[in-house]
Amino acid sequence: MPFCCKKQNRGEEAIEQYTKAAEMFSEAGRGEDALFCWERTAQLDPEKLSRQMKVAEIAAQLGKNALAARAFLRSAQLSSASGAPADALKLLARAYALAPQERSVALLYAEAKLRNGAAAEAAALLEPFAASESDVAFLDTLPMPYCSAGNWIVPVQFLRSC
């Protein structure tokens with residue numbers, strides 16, 4: 001039924017059906033199926049923080065760290081956009097804790113740390129990626145924490161931004 005509603009542009013009805021199904025699956029101990037339904041509600045209403053958080057929390061509980069990290073990142077974006085940068089920083093920390101090996105997660109978390117005056121912490125987040133990185137956005141961000149912290153011992157390839 002929800003797919004039908006989705007195809008007919010009846011988003012609210014589809015969200016309602018997916019939500020009911022997710023709750024029933026949760027009660028029955030079928031976490032994977034519940035997560036599938038929560039993901040669909042988040043896709044249908046991507047600007048709703050509570051839906052993104054639901055996906056993040058359930059995915060984390062189920063050990064689906066990549067999915068949970070993406071949902072926490074989206075939640076952080078929504079929190080930041082709504083004027084809650086402290087909440088966004090906490091959500092980025094949760095995403096990083098779940099997926100520290102993901103460059104995009106580390107980059108976004110480091111940028112948030114830098115904006116909050118934690119330059120040394122931002123540098124530490126980015127250092128593991130520095131040797132193999134060639135992405136311009138990453139390379140432009142890497143020296144900032146060093147320069148902001150007053151540490152002028154920066155790898156030579158990153159000095160162009162200081």
# chains A, B, ... in the order shown; residues from 1 in each chain; ligands from 1
>>> closest_atom_pairs(of="stretch 97-133 of chain A", to="stretch 54-75 of chain A", cutoff="8 Å", atoms="only C-alpha atoms", output="JSON lines")
{"residue": "A:Leu98", "atom": "CA", "partner": "A:Asn65", "partner_atom": "CA", "distance": 5.4}
{"residue": "A:Ala99", "atom": "CA", "partner": "A:Ala69", "partner_atom": "CA", "distance": 6.3}
{"residue": "A:Val105", "atom": "CA", "partner": "A:Leu73", "partner_atom": "CA", "distance": 7.5}
>>> residues_around(residues="A:Asp87", least_positions_apart="3", cutoff="10 Å", atoms="only C-alpha atoms", output="list in words")
Ser75, Ala76, Gln77, Leu78, Ser79, Ser80, Gly83, Ala84, Lys90, Leu91, Leu92 and Ala93 of chain A
>>> select_by_dssp(residues="stretch 44-109 of chain A", states="helix (DSSP H, G or I)", output="VMD selection string")
chain A and resid 44 49 to 61 65 to 81 85 to 98 103 to 109
>>> closest_residue(among="A:Pro100, A:Leu108, A:Leu114, A:Arg30", to="A:Pro128", atoms="only C-alpha atoms")
A:Pro100
>>> decode(residues="stretch 25-41 of chain A", atoms="all heavy atoms", output="PDB file, in the first residue's frame")
ATOM      1  N   PHE A  25       6.282  -3.681  12.927  1.00  0.00           N
ATOM      2  CA  PHE A  25       7.492  -4.497  12.801  1.00  0.00           C
ATOM      3  C   PHE A  25       8.342  -4.397  14.064  1.00  0.00           C
ATOM      4  O   PHE A  25       8.896  -5.388  14.526  1.00  0.00           O
ATOM      5  CB  PHE A  25       8.317  -4.072  11.584  1.00  0.00           C
ATOM      6  CG  PHE A  25       7.750  -4.528  10.269  1.00  0.00           C
ATOM      7  CD1 PHE A  25       7.691  -3.651   9.187  1.00  0.00           C
ATOM      8  CD2 PHE A  25       7.297  -5.829  10.083  1.00  0.00           C
ATOM      9  CE1 PHE A  25       7.184  -4.063   7.962  1.00  0.00           C
ATOM     10  CE2 PHE A  25       6.793  -6.258   8.862  1.00  0.00           C
ATOM     11  CZ  PHE A  25       6.733  -5.363   7.802  1.00  0.00           C
ATOM     12  N   SER A  26       8.439  -3.209  14.627  1.00  0.00           N
ATOM     13  CA  SER A  26       9.218  -3.018  15.855  1.00  0.00           C
ATOM     14  C   SER A  26       8.641  -3.844  16.993  1.00  0.00           C
ATOM     15  O   SER A  26       9.379  -4.518  17.724  1.00  0.00           O
ATOM     16  CB  SER A  26       9.259  -1.544  16.254  1.00  0.00           C
ATOM     17  OG  SER A  26      10.034  -0.814  15.344  1.00  0.00           O
ATOM     18  N   GLU A  27       7.333  -3.791  17.144  1.00  0.00           N
ATOM     19  CA  GLU A  27       6.665  -4.554  18.202  1.00  0.00           C
ATOM     20  C   GLU A  27       6.870  -6.053  18.020  1.00  0.00           C
ATOM     21  O   GLU A  27       6.941  -6.800  18.993  1.00  0.00           O
ATOM     22  CB  GLU A  27       5.173  -4.225  18.242  1.00  0.00           C
ATOM     23  CG  GLU A  27       4.878  -2.836  18.775  1.00  0.00           C
ATOM     24  CD  GLU A  27       3.408  -2.471  18.649  1.00  0.00           C
ATOM     25  OE1 GLU A  27       2.572  -3.359  18.407  1.00  0.00           O
ATOM     26  OE2 GLU A  27       3.111  -1.268  18.792  1.00  0.00           O
ATOM     27  N   ALA A  28       6.967  -6.489  16.771  1.00  0.00           N
ATOM     28  CA  ALA A  28       7.146  -7.911  16.474  1.00  0.00           C
ATOM     29  C   ALA A  28       8.625  -8.319  16.523  1.00  0.00           C
ATOM     30  O   ALA A  28       8.949  -9.478  16.249  1.00  0.00           O
ATOM     31  CB  ALA A  28       6.567  -8.231  15.098  1.00  0.00           C
ATOM     32  N   GLY A  29       9.499  -7.362  16.845  1.00  0.00           N
ATOM     33  CA  GLY A  29      10.921  -7.680  16.918  1.00  0.00           C
ATOM     34  C   GLY A  29      11.587  -7.815  15.561  1.00  0.00           C
ATOM     35  O   GLY A  29      12.631  -8.446  15.442  1.00  0.00           O
ATOM     36  N   ARG A  30      11.007  -7.222  14.548  1.00  0.00           N
ATOM     37  CA  ARG A  30      11.551  -7.290  13.186  1.00  0.00           C
ATOM     38  C   ARG A  30      12.216  -5.958  12.844  1.00  0.00           C
ATOM     39  O   ARG A  30      11.714  -5.166  12.058  1.00  0.00           O
ATOM     40  CB  ARG A  30      10.445  -7.644  12.208  1.00  0.00           C
ATOM     41  CG  ARG A  30       9.897  -9.057  12.436  1.00  0.00           C
ATOM     42  CD  ARG A  30       8.714  -9.394  11.586  1.00  0.00           C
ATOM     43  NE  ARG A  30       8.966  -9.223  10.163  1.00  0.00           N
ATOM     44  CZ  ARG A  30       8.020  -9.318   9.233  1.00  0.00           C
ATOM     45  NH1 ARG A  30       6.768  -9.620   9.581  1.00  0.00           N
ATOM     46  NH2 ARG A  30       8.309  -9.140   7.964  1.00  0.00           N
ATOM     47  N   GLY A  31      13.362  -5.751  13.463  1.00  0.00           N
ATOM     48  CA  GLY A  31      14.072  -4.479  13.337  1.00  0.00           C
ATOM     49  C   GLY A  31      14.453  -4.098  11.925  1.00  0.00           C
ATOM     50  O   GLY A  31      14.355  -2.932  11.547  1.00  0.00           O
ATOM     51  N   GLU A  32      14.921  -5.056  11.134  1.00  0.00           N
ATOM     52  CA  GLU A  32      15.325  -4.764   9.748  1.00  0.00           C
ATOM     53  C   GLU A  32      14.144  -4.233   8.934  1.00  0.00           C
ATOM     54  O   GLU A  32      14.287  -3.281   8.171  1.00  0.00           O
ATOM     55  CB  GLU A  32      15.888  -6.026   9.087  1.00  0.00           C
ATOM     56  CG  GLU A  32      17.140  -6.555   9.717  1.00  0.00           C
ATOM     57  CD  GLU A  32      18.398  -5.871   9.214  1.00  0.00           C
ATOM     58  OE1 GLU A  32      18.364  -5.250   8.131  1.00  0.00           O
ATOM     59  OE2 GLU A  32      19.408  -5.964   9.921  1.00  0.00           O
ATOM     60  N   ASP A  33      12.996  -4.882   9.108  1.00  0.00           N
ATOM     61  CA  ASP A  33      11.810  -4.446   8.374  1.00  0.00           C
ATOM     62  C   ASP A  33      11.343  -3.071   8.859  1.00  0.00           C
ATOM     63  O   ASP A  33      10.923  -2.229   8.059  1.00  0.00           O
ATOM     64  CB  ASP A  33      10.689  -5.470   8.521  1.00  0.00           C
ATOM     65  CG  ASP A  33      11.028  -6.791   7.852  1.00  0.00           C
ATOM     66  OD1 ASP A  33      11.671  -6.766   6.774  1.00  0.00           O
ATOM     67  OD2 ASP A  33      10.678  -7.848   8.407  1.00  0.00           O
ATOM     68  N   ALA A  34      11.423  -2.855  10.156  1.00  0.00           N
ATOM     69  CA  ALA A  34      11.054  -1.548  10.712  1.00  0.00           C
ATOM     70  C   ALA A  34      11.975  -0.464  10.154  1.00  0.00           C
ATOM     71  O   ALA A  34      11.517   0.607   9.752  1.00  0.00           O
ATOM     72  CB  ALA A  34      11.114  -1.570  12.238  1.00  0.00           C
ATOM     73  N   LEU A  35      13.275  -0.759  10.117  1.00  0.00           N
ATOM     74  CA  LEU A  35      14.232   0.210   9.583  1.00  0.00           C
ATOM     75  C   LEU A  35      13.919   0.543   8.130  1.00  0.00           C
ATOM     76  O   LEU A  35      13.970   1.709   7.734  1.00  0.00           O
ATOM     77  CB  LEU A  35      15.658  -0.331   9.716  1.00  0.00           C
ATOM     78  CG  LEU A  35      16.766   0.551   9.146  1.00  0.00           C
ATOM     79  CD1 LEU A  35      16.778   1.931   9.802  1.00  0.00           C
ATOM     80  CD2 LEU A  35      18.113  -0.136   9.298  1.00  0.00           C
ATOM     81  N   PHE A  36      13.588  -0.475   7.343  1.00  0.00           N
ATOM     82  CA  PHE A  36      13.213  -0.237   5.943  1.00  0.00           C
ATOM     83  C   PHE A  36      12.081   0.778   5.858  1.00  0.00           C
ATOM     84  O   PHE A  36      12.131   1.725   5.068  1.00  0.00           O
ATOM     85  CB  PHE A  36      12.800  -1.559   5.273  1.00  0.00           C
ATOM     86  CG  PHE A  36      12.274  -1.381   3.881  1.00  0.00           C
ATOM     87  CD1 PHE A  36      13.137  -1.317   2.804  1.00  0.00           C
ATOM     88  CD2 PHE A  36      10.909  -1.258   3.643  1.00  0.00           C
ATOM     89  CE1 PHE A  36      12.658  -1.143   1.516  1.00  0.00           C
ATOM     90  CE2 PHE A  36      10.416  -1.086   2.359  1.00  0.00           C
ATOM     91  CZ  PHE A  36      11.294  -1.022   1.290  1.00  0.00           C
ATOM     92  N   CYS A  37      11.078   0.609   6.688  1.00  0.00           N
ATOM     93  CA  CYS A  37       9.927   1.523   6.673  1.00  0.00           C
ATOM     94  C   CYS A  37      10.320   2.928   7.144  1.00  0.00           C
ATOM     95  O   CYS A  37       9.886   3.921   6.565  1.00  0.00           O
ATOM     96  CB  CYS A  37       8.797   0.966   7.534  1.00  0.00           C
ATOM     97  SG  CYS A  37       8.062  -0.537   6.862  1.00  0.00           S
ATOM     98  N   TRP A  38      11.137   2.999   8.203  1.00  0.00           N
ATOM     99  CA  TRP A  38      11.575   4.317   8.681  1.00  0.00           C
ATOM    100  C   TRP A  38      12.406   5.024   7.613  1.00  0.00           C
ATOM    101  O   TRP A  38      12.301   6.251   7.448  1.00  0.00           O
ATOM    102  CB  TRP A  38      12.358   4.198   9.981  1.00  0.00           C
ATOM    103  CG  TRP A  38      11.518   3.845  11.165  1.00  0.00           C
ATOM    104  CD1 TRP A  38      11.676   2.761  11.989  1.00  0.00           C
ATOM    105  CD2 TRP A  38      10.380   4.552  11.676  1.00  0.00           C
ATOM    106  NE1 TRP A  38      10.701   2.758  12.958  1.00  0.00           N
ATOM    107  CE2 TRP A  38       9.896   3.850  12.790  1.00  0.00           C
ATOM    108  CE3 TRP A  38       9.715   5.709  11.281  1.00  0.00           C
ATOM    109  CZ2 TRP A  38       8.795   4.263  13.529  1.00  0.00           C
ATOM    110  CZ3 TRP A  38       8.613   6.131  12.009  1.00  0.00           C
ATOM    111  CH2 TRP A  38       8.165   5.411  13.111  1.00  0.00           C
ATOM    112  N   GLU A  39      13.225   4.270   6.886  1.00  0.00           N
ATOM    113  CA  GLU A  39      14.004   4.872   5.797  1.00  0.00           C
ATOM    114  C   GLU A  39      13.084   5.488   4.748  1.00  0.00           C
ATOM    115  O   GLU A  39      13.354   6.580   4.242  1.00  0.00           O
ATOM    116  CB  GLU A  39      14.882   3.822   5.113  1.00  0.00           C
ATOM    117  CG  GLU A  39      16.122   3.463   5.852  1.00  0.00           C
ATOM    118  CD  GLU A  39      16.953   2.486   5.041  1.00  0.00           C
ATOM    119  OE1 GLU A  39      17.784   2.949   4.232  1.00  0.00           O
ATOM    120  OE2 GLU A  39      16.755   1.265   5.217  1.00  0.00           O
ATOM    121  N   ARG A  40      12.009   4.780   4.437  1.00  0.00           N
ATOM    122  CA  ARG A  40      11.074   5.303   3.433  1.00  0.00           C
ATOM    123  C   ARG A  40      10.408   6.593   3.926  1.00  0.00           C
ATOM    124  O   ARG A  40      10.222   7.523   3.150  1.00  0.00           O
ATOM    125  CB  ARG A  40      10.002   4.267   3.074  1.00  0.00           C
ATOM    126  CG  ARG A  40      10.533   3.020   2.405  1.00  0.00           C
ATOM    127  CD  ARG A  40      11.381   3.345   1.167  1.00  0.00           C
ATOM    128  NE  ARG A  40      12.193   2.224   0.755  1.00  0.00           N
ATOM    129  CZ  ARG A  40      13.472   2.024   1.104  1.00  0.00           C
ATOM    130  NH1 ARG A  40      14.090   2.851   1.884  1.00  0.00           N
ATOM    131  NH2 ARG A  40      14.136   0.986   0.663  1.00  0.00           N
ATOM    132  N   THR A  41      10.052   6.657   5.191  1.00  0.00           N
ATOM    133  CA  THR A  41       9.442   7.897   5.703  1.00  0.00           C
ATOM    134  C   THR A  41      10.438   9.050   5.608  1.00  0.00           C
ATOM    135  O   THR A  41      10.062  10.165   5.265  1.00  0.00           O
ATOM    136  CB  THR A  41       8.936   7.759   7.158  1.00  0.00           C
ATOM    137  OG1 THR A  41      10.027   7.568   8.045  1.00  0.00           O
ATOM    138  CG2 THR A  41       7.928   6.638   7.296  1.00  0.00           C
TER     139      THR A  41
END
